[in-house]
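Q: So here's query11.txt (compact mmCIF, C-alpha atoms).
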# COMPACT_ATOMS: atom_id res chain seq x y z
CA MET A 1 13.65 6.38 -4.26
CA PHE A 2 12.54 7.36 -0.79
CA GLU A 3 9.02 8.77 -0.66
CA HIS A 4 8.25 11.10 2.18
CA VAL A 5 5.26 9.97 4.26
CA GLU A 6 3.65 12.20 6.85
CA LYS A 7 4.39 11.01 10.38
CA ALA A 8 3.10 12.26 13.72
CA PRO A 9 4.17 11.77 17.32
CA VAL A 10 2.67 8.79 19.18
CA PRO A 11 1.98 9.28 22.91
CA LEU A 12 4.47 7.00 24.66
CA GLU A 13 1.79 5.12 26.62
CA LYS A 14 0.18 4.20 23.25
CA VAL A 15 3.16 2.27 21.89
CA ARG A 16 1.31 -1.00 22.64
CA ARG A 17 -1.05 -0.10 19.77
CA TYR A 18 1.76 -1.00 17.34
CA LEU A 19 3.83 -3.61 19.16
CA GLU A 20 1.31 -5.71 21.12
CA PRO A 21 -0.06 -7.35 17.92
CA GLY A 22 3.37 -9.00 17.58
CA PRO A 23 4.86 -7.71 14.31
CA ILE A 24 8.32 -8.39 13.00
CA VAL A 25 10.37 -5.22 13.52
CA LEU A 26 13.64 -3.84 12.21
CA VAL A 27 16.02 -2.74 14.95
CA SER A 28 18.51 -0.07 13.92
CA SER A 29 21.61 0.80 15.90
CA ALA A 30 24.80 2.87 15.72
CA CYS A 31 28.13 2.60 17.51
CA ASP A 32 31.62 3.99 16.82
CA GLY A 33 30.57 5.55 13.52
CA ARG A 34 29.01 2.33 12.20
CA ARG A 35 25.33 1.48 11.81
CA ASN A 36 23.35 -1.70 11.41
CA ILE A 37 19.87 -3.20 11.13
CA MET A 38 18.52 -6.52 12.38
CA THR A 39 15.17 -8.27 11.99
CA MET A 40 13.54 -9.13 15.32
CA GLY A 41 10.38 -10.98 16.33
CA TRP A 42 10.88 -11.79 20.01
CA HIS A 43 9.57 -8.76 21.87
CA THR A 44 6.83 -7.80 24.31
CA VAL A 45 5.30 -4.67 25.74
CA MET A 46 6.08 -4.59 29.50
CA ALA A 47 4.56 -1.37 30.86
CA PHE A 48 2.56 1.66 29.71
CA SER A 49 4.35 4.37 31.72
CA PRO A 50 7.28 4.39 31.64
CA SER A 51 6.81 2.88 28.17
CA LEU A 52 8.80 -0.35 28.45
CA VAL A 53 9.47 -2.98 25.79
CA GLY A 54 11.48 -6.16 26.37
CA CYS A 55 13.20 -8.04 23.56
CA ILE A 56 15.68 -10.80 22.84
CA ILE A 57 18.71 -9.81 20.78
CA SER A 58 20.81 -12.89 20.29
CA ALA A 59 24.51 -12.51 21.10
CA GLY A 60 25.17 -14.12 17.71
CA ASN A 61 23.93 -10.98 15.93
CA HIS A 62 26.38 -8.36 14.70
CA SER A 63 24.02 -5.80 16.28
CA PHE A 64 24.36 -7.28 19.77
CA GLU A 65 27.61 -5.55 20.80
CA MET A 66 26.66 -2.30 19.04
CA ILE A 67 23.40 -2.20 20.95
CA ARG A 68 24.86 -3.30 24.24
CA ARG A 69 27.63 -0.72 24.11
CA SER A 70 25.58 2.21 22.80
CA ARG A 71 22.65 1.31 25.12
CA GLU A 72 20.27 2.65 22.47
CA CYS A 73 18.35 1.46 19.46
CA VAL A 74 15.36 2.30 17.29
CA ILE A 75 12.57 -0.26 16.85
CA ASN A 76 11.15 0.37 13.37
CA LEU A 77 7.84 -1.12 12.20
CA PRO A 78 7.86 -2.31 8.56
CA ALA A 79 4.76 -3.24 6.54
CA THR A 80 4.38 -5.67 3.63
CA ALA A 81 5.90 -3.23 1.10
CA LEU A 82 9.21 -4.00 2.86
CA THR A 83 8.89 -7.81 2.92
CA ASP A 84 11.97 -8.34 0.72
CA GLN A 85 14.02 -6.03 2.93
CA VAL A 86 12.81 -7.73 6.12
CA VAL A 87 13.87 -11.12 4.77
CA GLY A 88 17.14 -9.77 3.37
CA VAL A 89 18.11 -7.96 6.57
CA GLY A 90 17.43 -11.13 8.57
CA ASN A 91 19.54 -13.25 6.24
CA SER A 92 22.67 -11.12 6.04
CA SER A 93 25.25 -9.80 8.48
CA GLY A 94 26.24 -6.23 9.23
CA ALA A 95 29.80 -7.56 9.50
CA GLU A 96 29.78 -7.89 5.71
CA VAL A 97 27.48 -5.21 4.30
CA ASP A 98 26.04 -1.83 5.23
CA LYS A 99 22.41 -2.94 5.27
CA PHE A 100 21.02 0.57 4.69
CA GLU A 101 22.93 0.82 1.41
CA HIS A 102 22.58 -2.81 0.42
CA PHE A 103 18.80 -2.90 0.86
CA GLY A 104 18.07 0.66 -0.26
CA LEU A 105 16.84 1.78 3.15
CA THR A 106 17.03 5.43 4.19
CA ALA A 107 18.78 6.33 7.47
CA GLN A 108 17.20 9.38 9.07
CA PRO A 109 18.23 11.12 12.29
CA ALA A 110 16.25 10.15 15.37
CA GLU A 111 15.05 12.77 17.86
CA ARG A 112 16.41 11.43 21.15
CA VAL A 113 18.94 8.68 20.35
CA GLY A 114 22.03 8.35 18.20
CA ALA A 115 20.77 5.32 16.24
CA PRO A 116 19.15 6.19 12.89
CA LEU A 117 15.49 5.66 11.95
CA ILE A 118 14.61 3.65 8.84
CA GLY A 119 12.62 6.16 6.80
CA GLU A 120 10.59 3.60 4.83
CA CYS A 121 9.05 2.08 7.97
CA HIS A 122 5.54 2.86 9.20
CA ALA A 123 6.55 3.75 12.76
CA HIS A 124 9.65 4.31 14.87
CA PHE A 125 10.22 3.79 18.57
CA GLU A 126 13.41 5.35 19.91
CA CYS A 127 14.71 3.34 22.85
CA ARG A 128 17.18 3.73 25.69
CA LEU A 129 18.33 0.75 27.72
CA PHE A 130 16.30 0.68 30.95
CA ASP A 131 17.40 -2.61 32.54
CA ASP A 132 20.17 -4.96 31.44
CA SER A 133 19.87 -7.42 34.33
CA LEU A 134 18.78 -10.29 32.06
CA VAL A 135 21.13 -9.57 29.16
CA GLU A 136 23.87 -11.95 30.31
CA ARG A 137 21.57 -14.85 31.02
CA TYR A 138 18.92 -14.54 28.27
CA ASN A 139 20.05 -11.78 25.87
CA PHE A 140 16.91 -10.01 27.12
CA PHE A 141 17.01 -6.19 26.93
CA ILE A 142 14.40 -4.00 28.65
CA TRP A 143 14.01 -0.71 26.77
CA GLU A 144 12.31 2.54 27.61
CA VAL A 145 10.69 4.11 24.57
CA VAL A 146 11.67 7.79 24.78
CA SER A 147 10.21 9.02 21.49
CA ALA A 148 7.68 7.52 19.07
CA ARG A 149 6.36 8.53 15.67
CA ALA A 150 4.07 6.79 13.19
CA ALA A 151 2.72 7.38 9.69
CA VAL A 152 -0.64 9.15 9.75
CA SER A 153 -2.09 6.60 7.32
CA PRO A 154 -2.94 3.81 6.85
CA GLU A 155 -4.48 3.57 10.31
CA TYR A 156 -3.71 -0.17 10.48
CA PRO A 157 -0.60 -1.08 8.48
CA GLU A 158 -0.18 -4.51 6.88
CA THR A 159 2.42 -5.71 9.36
CA LEU A 160 4.35 -8.98 9.02
CA HIS A 161 4.19 -11.64 11.76
CA TYR A 162 6.79 -14.38 11.64
CA THR A 163 5.91 -18.04 12.27
CA GLY A 164 9.35 -19.52 11.59
CA ASP A 165 10.36 -21.66 8.58
CA GLY A 166 10.37 -18.67 6.24
CA VAL A 167 6.61 -18.12 6.59
CA PHE A 168 4.92 -14.86 7.58
CA MET A 169 1.35 -14.06 8.53
CA VAL A 170 0.14 -10.68 7.26
CA ALA A 171 -2.11 -8.52 9.44
CA GLY A 172 -5.71 -8.99 8.32
CA GLU A 173 -9.16 -7.74 9.18
CA ILE A 174 -9.72 -5.27 12.04
CA ILE A 175 -12.60 -5.98 14.44
CA ASP A 176 -13.83 -3.42 16.96
CA ARG A 177 -15.26 -4.81 20.19
CA ARG A 178 -14.98 -1.59 22.14
CA GLU A 179 -18.64 -1.66 23.18
CA GLN A 180 -18.06 -4.98 25.02
CA PHE A 181 -15.26 -3.53 27.17
CA LEU A 182 -15.56 -2.15 30.67
CA PRO A 183 -14.48 1.53 30.70
CA GLN A 184 -11.53 0.78 32.99
CA MET A 185 -10.30 -1.91 30.58
CA LEU A 186 -9.91 0.52 27.68
CA MET B 1 -21.58 -27.95 23.34
CA PHE B 2 -17.91 -28.88 23.23
CA GLU B 3 -16.81 -30.35 19.91
CA HIS B 4 -13.81 -32.61 19.98
CA VAL B 5 -11.05 -31.49 17.61
CA GLU B 6 -8.05 -33.68 16.81
CA LYS B 7 -4.89 -32.38 18.42
CA ALA B 8 -1.29 -33.55 18.12
CA PRO B 9 1.89 -32.93 20.11
CA VAL B 10 4.01 -29.94 19.06
CA PRO B 11 7.80 -30.33 19.43
CA LEU B 12 8.76 -27.94 22.22
CA GLU B 13 11.31 -26.07 20.09
CA LYS B 14 8.49 -25.27 17.61
CA VAL B 15 6.34 -23.33 20.07
CA ARG B 16 7.47 -20.08 18.39
CA ARG B 17 5.37 -21.11 15.38
CA TYR B 18 2.25 -20.22 17.41
CA LEU B 19 3.40 -17.51 19.81
CA GLU B 20 5.90 -15.43 17.84
CA PRO B 21 3.16 -13.91 15.62
CA GLY B 22 1.87 -12.19 18.78
CA PRO B 23 -1.64 -13.54 19.39
CA ILE B 24 -3.85 -12.81 22.35
CA VAL B 25 -3.80 -15.92 24.57
CA LEU B 26 -5.92 -17.27 27.41
CA VAL B 27 -3.89 -18.23 30.47
CA SER B 28 -5.50 -20.88 32.68
CA SER B 29 -4.39 -21.63 36.21
CA ALA B 30 -5.36 -23.63 39.29
CA CYS B 31 -4.53 -23.24 42.96
CA ASP B 32 -6.10 -24.57 46.19
CA GLY B 33 -8.97 -26.23 44.33
CA ARG B 34 -9.88 -23.09 42.38
CA ARG B 35 -9.29 -22.35 38.73
CA ASN B 36 -9.23 -19.23 36.61
CA ILE B 37 -8.60 -17.80 33.14
CA MET B 38 -7.12 -14.48 32.06
CA THR B 39 -6.63 -12.81 28.69
CA MET B 40 -3.01 -11.91 27.99
CA GLY B 41 -1.25 -10.10 25.16
CA TRP B 42 2.14 -9.16 26.60
CA HIS B 43 4.37 -12.16 25.91
CA THR B 44 7.46 -13.11 23.95
CA VAL B 45 9.32 -16.22 22.95
CA MET B 46 12.73 -16.17 24.70
CA ALA B 47 14.51 -19.39 23.70
CA PHE B 48 14.02 -22.50 21.56
CA SER B 49 15.54 -25.10 23.90
CA PRO B 50 14.66 -25.07 26.70
CA SER B 51 11.44 -23.68 25.27
CA LEU B 52 11.09 -20.38 27.16
CA VAL B 53 8.29 -17.82 27.03
CA GLY B 54 8.25 -14.58 29.02
CA CYS B 55 5.04 -12.74 29.88
CA ILE B 56 3.61 -9.96 32.00
CA ILE B 57 0.83 -10.96 34.41
CA SER B 58 -0.25 -7.84 36.22
CA ALA B 59 -0.46 -8.10 39.99
CA GLY B 60 -3.94 -6.59 39.67
CA ASN B 61 -5.26 -9.80 38.10
CA HIS B 62 -7.03 -12.40 40.21
CA SER B 63 -4.81 -14.96 38.43
CA PHE B 64 -1.57 -13.37 39.66
CA GLU B 65 -1.41 -14.99 43.10
CA MET B 66 -2.78 -18.31 41.83
CA ILE B 67 -0.07 -18.45 39.19
CA ARG B 68 2.71 -17.21 41.43
CA ARG B 69 1.88 -19.72 44.14
CA SER B 70 1.24 -22.74 41.91
CA ARG B 71 4.24 -21.85 39.68
CA GLU B 72 2.35 -23.32 36.73
CA CYS B 73 -0.08 -22.26 34.03
CA VAL B 74 -1.35 -23.22 30.60
CA ILE B 75 -1.08 -20.74 27.73
CA ASN B 76 -4.05 -21.50 25.44
CA LEU B 77 -4.34 -20.12 21.90
CA PRO B 78 -7.85 -19.03 20.92
CA ALA B 79 -8.99 -18.23 17.37
CA THR B 80 -11.76 -15.91 16.16
CA ALA B 81 -14.54 -18.38 17.02
CA LEU B 82 -13.75 -17.49 20.65
CA THR B 83 -13.70 -13.68 20.25
CA ASP B 84 -16.65 -13.16 22.62
CA GLN B 85 -15.01 -15.34 25.25
CA VAL B 86 -11.65 -13.57 24.87
CA VAL B 87 -13.31 -10.21 25.44
CA GLY B 88 -15.49 -11.53 28.26
CA VAL B 89 -12.63 -13.22 30.11
CA GLY B 90 -10.59 -10.02 29.88
CA ASN B 91 -13.45 -7.90 31.23
CA SER B 92 -14.43 -9.98 34.26
CA SER B 93 -12.73 -11.17 37.42
CA GLY B 94 -12.20 -14.69 38.68
CA ALA B 95 -12.92 -13.29 42.13
CA GLU B 96 -16.57 -13.04 41.10
CA VAL B 97 -17.25 -15.83 38.60
CA ASP B 98 -15.89 -19.21 37.56
CA LYS B 99 -14.93 -18.17 34.05
CA PHE B 100 -15.03 -21.72 32.65
CA GLU B 101 -18.69 -22.02 33.63
CA HIS B 102 -19.64 -18.45 32.92
CA PHE B 103 -18.21 -18.42 29.39
CA GLY B 104 -19.01 -22.04 28.51
CA LEU B 105 -15.38 -23.09 28.25
CA THR B 106 -14.33 -26.70 28.81
CA ALA B 107 -11.64 -27.46 31.39
CA GLN B 108 -9.60 -30.50 30.40
CA PRO B 109 -6.73 -32.12 32.30
CA ALA B 110 -3.26 -31.10 31.18
CA GLU B 111 -0.48 -33.67 30.77
CA ARG B 112 2.30 -32.20 32.91
CA VAL B 113 0.79 -29.42 35.05
CA GLY B 114 -2.13 -29.11 37.44
CA ALA B 115 -3.74 -26.16 35.62
CA PRO B 116 -6.51 -27.14 33.19
CA LEU B 117 -6.46 -26.73 29.41
CA ILE B 118 -9.26 -24.84 27.68
CA GLY B 119 -10.64 -27.45 25.29
CA GLU B 120 -12.06 -24.97 22.74
CA CYS B 121 -8.64 -23.41 22.04
CA HIS B 122 -6.50 -24.23 19.00
CA ALA B 123 -3.32 -25.00 20.94
CA HIS B 124 -2.11 -25.44 24.52
CA PHE B 125 1.29 -24.78 26.04
CA GLU B 126 1.77 -26.23 29.52
CA CYS B 127 4.22 -24.11 31.49
CA ARG B 128 6.30 -24.36 34.64
CA LEU B 129 7.88 -21.30 36.19
CA PHE B 130 11.53 -21.17 35.09
CA ASP B 131 12.69 -17.81 36.47
CA ASP B 132 10.84 -15.44 38.78
CA SER B 133 13.66 -12.90 39.19
CA LEU B 134 11.68 -10.12 37.45
CA VAL B 135 8.27 -10.87 38.97
CA GLU B 136 8.61 -8.40 41.84
CA ARG B 137 9.84 -5.53 39.72
CA TYR B 138 7.90 -5.98 36.45
CA ASN B 139 5.34 -8.80 37.00
CA PHE B 140 7.43 -10.59 34.36
CA PHE B 141 7.31 -14.41 34.50
CA ILE B 142 9.71 -16.60 32.51
CA TRP B 143 8.08 -19.96 31.72
CA GLU B 144 9.42 -23.22 30.42
CA VAL B 145 6.95 -24.92 28.09
CA VAL B 146 6.99 -28.56 29.20
CA SER B 147 4.22 -29.93 26.96
CA ALA B 148 2.54 -28.55 23.84
CA ARG B 149 -0.37 -29.70 21.69
CA ALA B 150 -2.18 -28.08 18.76
CA ALA B 151 -5.17 -28.80 16.54
CA VAL B 152 -4.18 -30.63 13.38
CA SER B 153 -6.19 -28.21 11.26
CA PRO B 154 -6.48 -25.45 10.24
CA GLU B 155 -2.75 -25.14 9.65
CA TYR B 156 -2.87 -21.39 10.34
CA PRO B 157 -5.64 -20.46 12.79
CA GLU B 158 -7.38 -17.07 12.65
CA THR B 159 -5.72 -15.73 15.78
CA LEU B 160 -6.62 -12.43 17.46
CA HIS B 161 -4.01 -9.70 17.97
CA TYR B 162 -4.87 -6.90 20.35
CA THR B 163 -4.11 -3.26 19.55
CA GLY B 164 -5.73 -1.72 22.65
CA ASP B 165 -8.93 0.36 22.75
CA GLY B 166 -11.12 -2.71 22.24
CA VAL B 167 -9.77 -3.32 18.73
CA PHE B 168 -8.30 -6.60 17.45
CA MET B 169 -6.41 -7.44 14.28
CA VAL B 170 -7.24 -10.88 12.89
CA ALA B 171 -4.49 -13.03 11.37
CA GLY B 172 -4.63 -12.66 7.59
CA GLU B 173 -2.84 -13.97 4.53
CA ILE B 174 0.12 -16.37 4.82
CA ILE B 175 3.17 -15.66 2.67
CA ASP B 176 5.98 -18.16 2.21
CA ARG B 177 9.45 -16.70 1.65
CA ARG B 178 11.34 -19.87 2.53
CA GLU B 179 13.30 -19.82 -0.72
CA GLN B 180 14.85 -16.46 0.22
CA PHE B 181 16.21 -17.78 3.54
CA LEU B 182 19.70 -19.07 4.23
CA PRO B 183 19.52 -22.71 5.38
CA GLN B 184 20.91 -21.83 8.82
CA MET B 185 18.21 -19.19 9.27
CA LEU B 186 15.36 -21.70 8.96
Take the structure in the file and write it out as structure tokens.
A:
Amino acid sequence: MFEHVEKAPVPLEKVRRYLEPGPIVLVSSACDGRRNIMTMGWHTVMAFSPSLVGCIISAGNHSFEMIRRSRECVINLPATALTDQVVGVGNSSGAEVDKFEHFGLTAQPAERVGAPLIGECHAHFECRLFDDSLVERYNFFIWEVVSARAAVSPEYPETLHYTGDGVFMVAGEIIDRREQFLPQML
Amino acid sequence: MFEHVEKAPVPLEKVRRYLEPGPIVLVSSACDGRRNIMTMGWHTVMAFSPSLVGCIISAGNHSFEMIRRSRECVINLPATALTDQVVGVGNSSGAEVDKFEHFGLTAQPAERVGAPLIGECHAHFECRLFDDSLVERYNFFIWEVVSARAAVSPEYPETLHYTGDGVFMVAGEIIDRREQFLPQML
């Protein structure tokens, strides 16, 4: 059963805090009354303001056309409690099952886009398509994050980082080197 | 003093194994008889074959013009033993110091590009510029990895993953979910 977790807005220029470490994410989308989720590991932060994120969504995914046509998605950040769902979502097709129902994930309304959030995730980044110039050639979408929310705790979630071959690295120790940074580099 | 570590070739389509988890990397470059290193966290795998990696190299970096003009670089993967160097390289400018000398890093010849490897790193991905169509607008370079080598052990290095604000997450536990994957997803 879905447990409510307190979430707070994330300033849009702080999205890198969650995505730069390179976690696997769950991308949710909606189009023509249908919805879907895909697992995605090929993404990068591209700018602080506007808050831009680039990612590869292979044309072989059921989500590809839904995302391309709706020009929106939500990038959801799962932690280790959702490992089975991350693997399951990545190994099934939205052409055959409703992944929210099948994997017991809770669709919640987003604030600024039509695609649903995945309630069980630690954080949510609502995205609108900013630049599709590399979609044809590389399946590379450049998104603007237009709304962001994250769970208030834990401060550093146990995110999953995919290495291929069915193996994940789990986020480990946090080390703070702030005192070695120049002020303008923080 | 530099300690020699055994390294072996990495098949180019397996580069994702090292970069998809989202580590901070050290990008080395050479141009007109000068060399430099920068710390970089905004990158993504884009394709298996050719082996493509996209990354943001801000025009404010001393490396930017060297890399744009030489159309080559090496993406080096540091582990926690190099944390001080990662922070130092990211908080200094190649306009003022030779970072190899200043941070005690060992420049080694690459196999297929003119930029040097950083001997102390766990792995090295030699890159040639594949597509510069988004360099003007986003400082986004698309590289083809043309040669790759990695240390034979440890199998999973303790990579650094930057969250901003001077804080790094260190690669933690490895979990193997291979048995839950469809064969075509491996």
Q: Give as JSON, numbers by chain the set of residues within 12 Å of the point (28.6, 1.0, 21.6), where distances use the file's coordinates and all atoms listed in the file.
A: {"A": [29, 30, 31, 32, 33, 34, 35, 36, 62, 63, 64, 65, 66, 67, 68, 69, 70, 71, 72, 73, 114, 115, 129]}
Q: Can you write out the residues you just picked, keeping C-alpha atoms, as a PDB file, in the frame of the given file?
A:
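Writing the result to result-v3.pdb gives the following:
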ATOM      1  CA  SER A  29      21.610   0.800  15.900  1.00  0.00           C
ATOM      2  CA  ALA A  30      24.800   2.870  15.720  1.00  0.00           C
ATOM      3  CA  CYS A  31      28.130   2.600  17.510  1.00  0.00           C
ATOM      4  CA  ASP A  32      31.620   3.990  16.820  1.00  0.00           C
ATOM      5  CA  GLY A  33      30.570   5.550  13.520  1.00  0.00           C
ATOM      6  CA  ARG A  34      29.010   2.330  12.200  1.00  0.00           C
ATOM      7  CA  ARG A  35      25.330   1.480  11.810  1.00  0.00           C
ATOM      8  CA  ASN A  36      23.350  -1.700  11.410  1.00  0.00           C
ATOM      9  CA  HIS A  62      26.380  -8.360  14.700  1.00  0.00           C
ATOM     10  CA  SER A  63      24.020  -5.800  16.280  1.00  0.00           C
ATOM     11  CA  PHE A  64      24.360  -7.280  19.770  1.00  0.00           C
ATOM     12  CA  GLU A  65      27.610  -5.550  20.800  1.00  0.00           C
ATOM     13  CA  MET A  66      26.660  -2.300  19.040  1.00  0.00           C
ATOM     14  CA  ILE A  67      23.400  -2.200  20.950  1.00  0.00           C
ATOM     15  CA  ARG A  68      24.860  -3.300  24.240  1.00  0.00           C
ATOM     16  CA  ARG A  69      27.630  -0.720  24.110  1.00  0.00           C
ATOM     17  CA  SER A  70      25.580   2.210  22.800  1.00  0.00           C
ATOM     18  CA  ARG A  71      22.650   1.310  25.120  1.00  0.00           C
ATOM     19  CA  GLU A  72      20.270   2.650  22.470  1.00  0.00           C
ATOM     20  CA  CYS A  73      18.350   1.460  19.460  1.00  0.00           C
ATOM     21  CA  GLY A 114      22.030   8.350  18.200  1.00  0.00           C
ATOM     22  CA  ALA A 115      20.770   5.320  16.240  1.00  0.00           C
ATOM     23  CA  LEU A 129      18.330   0.750  27.720  1.00  0.00           C
TER      24      LEU A 129
END
Q: Using all atoms listed in the file and a cut-off of 7 Å, which residues of chain A sit close to chain B? Please list them as an NGL selection string.
A: :A and (16-18 or 20-23 or 41-46 or 56 or 91 or 161-178 or 181-182 or 185-186)
Q: With C-alpha atoms kept, could you save the residues just selected as a PDB file, in the frame of the given file?
A:
ATOM      1  CA  ARG A  16       1.310  -1.000  22.640  1.00  0.00           C
ATOM      2  CA  ARG A  17      -1.050  -0.100  19.770  1.00  0.00           C
ATOM      3  CA  TYR A  18       1.760  -1.000  17.340  1.00  0.00           C
ATOM      4  CA  GLU A  20       1.310  -5.710  21.120  1.00  0.00           C
ATOM      5  CA  PRO A  21      -0.060  -7.350  17.920  1.00  0.00           C
ATOM      6  CA  GLY A  22       3.370  -9.000  17.580  1.00  0.00           C
ATOM      7  CA  PRO A  23       4.860  -7.710  14.310  1.00  0.00           C
ATOM      8  CA  GLY A  41      10.380 -10.980  16.330  1.00  0.00           C
ATOM      9  CA  TRP A  42      10.880 -11.790  20.010  1.00  0.00           C
ATOM     10  CA  HIS A  43       9.570  -8.760  21.870  1.00  0.00           C
ATOM     11  CA  THR A  44       6.830  -7.800  24.310  1.00  0.00           C
ATOM     12  CA  VAL A  45       5.300  -4.670  25.740  1.00  0.00           C
ATOM     13  CA  MET A  46       6.080  -4.590  29.500  1.00  0.00           C
ATOM     14  CA  ILE A  56      15.680 -10.800  22.840  1.00  0.00           C
ATOM     15  CA  ASN A  91      19.540 -13.250   6.240  1.00  0.00           C
ATOM     16  CA  HIS A 161       4.190 -11.640  11.760  1.00  0.00           C
ATOM     17  CA  TYR A 162       6.790 -14.380  11.640  1.00  0.00           C
ATOM     18  CA  THR A 163       5.910 -18.040  12.270  1.00  0.00           C
ATOM     19  CA  GLY A 164       9.350 -19.520  11.590  1.00  0.00           C
ATOM     20  CA  ASP A 165      10.360 -21.660   8.580  1.00  0.00           C
ATOM     21  CA  GLY A 166      10.370 -18.670   6.240  1.00  0.00           C
ATOM     22  CA  VAL A 167       6.610 -18.120   6.590  1.00  0.00           C
ATOM     23  CA  PHE A 168       4.920 -14.860   7.580  1.00  0.00           C
ATOM     24  CA  MET A 169       1.350 -14.060   8.530  1.00  0.00           C
ATOM     25  CA  VAL A 170       0.140 -10.680   7.260  1.00  0.00           C
ATOM     26  CA  ALA A 171      -2.110  -8.520   9.440  1.00  0.00           C
ATOM     27  CA  GLY A 172      -5.710  -8.990   8.320  1.00  0.00           C
ATOM     28  CA  GLU A 173      -9.160  -7.740   9.180  1.00  0.00           C
ATOM     29  CA  ILE A 174      -9.720  -5.270  12.040  1.00  0.00           C
ATOM     30  CA  ILE A 175     -12.600  -5.980  14.440  1.00  0.00           C
ATOM     31  CA  ASP A 176     -13.830  -3.420  16.960  1.00  0.00           C
ATOM     32  CA  ARG A 177     -15.260  -4.810  20.190  1.00  0.00           C
ATOM     33  CA  ARG A 178     -14.980  -1.590  22.140  1.00  0.00           C
ATOM     34  CA  PHE A 181     -15.260  -3.530  27.170  1.00  0.00           C
ATOM     35  CA  LEU A 182     -15.560  -2.150  30.670  1.00  0.00           C
ATOM     36  CA  MET A 185     -10.300  -1.910  30.580  1.00  0.00           C
ATOM     37  CA  LEU A 186      -9.910   0.520  27.680  1.00  0.00           C
TER      38      LEU A 186
END
Q: Point out the residue among A:Pro50, A:Val25, A:Phe100, A:Pro157 with the least atom-to-atom distance to Ala81 of chain A, counting all atoms listed in the file.
A: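 Closest to Ala81 of chain A of all the choices is A:Pro157.
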Q: Rounded to one decimal in Å, what is the spacing between atom CA of Val10 of chain A and atom CA of Ile37 of chain A?
A: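 So the two atoms, atom CA of Val10 of chain A and atom CA of Ile37 of chain A, lie 22.5 Å apart.
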Q: Counting all atoms listed in the file, which residues have an atom no more than 9 Å from (9.8, -28.8, 19.3) in the file's coordinates? Please list them as a PyMOL selection string.
A: chain B and resi 9-15+48-49+51+148
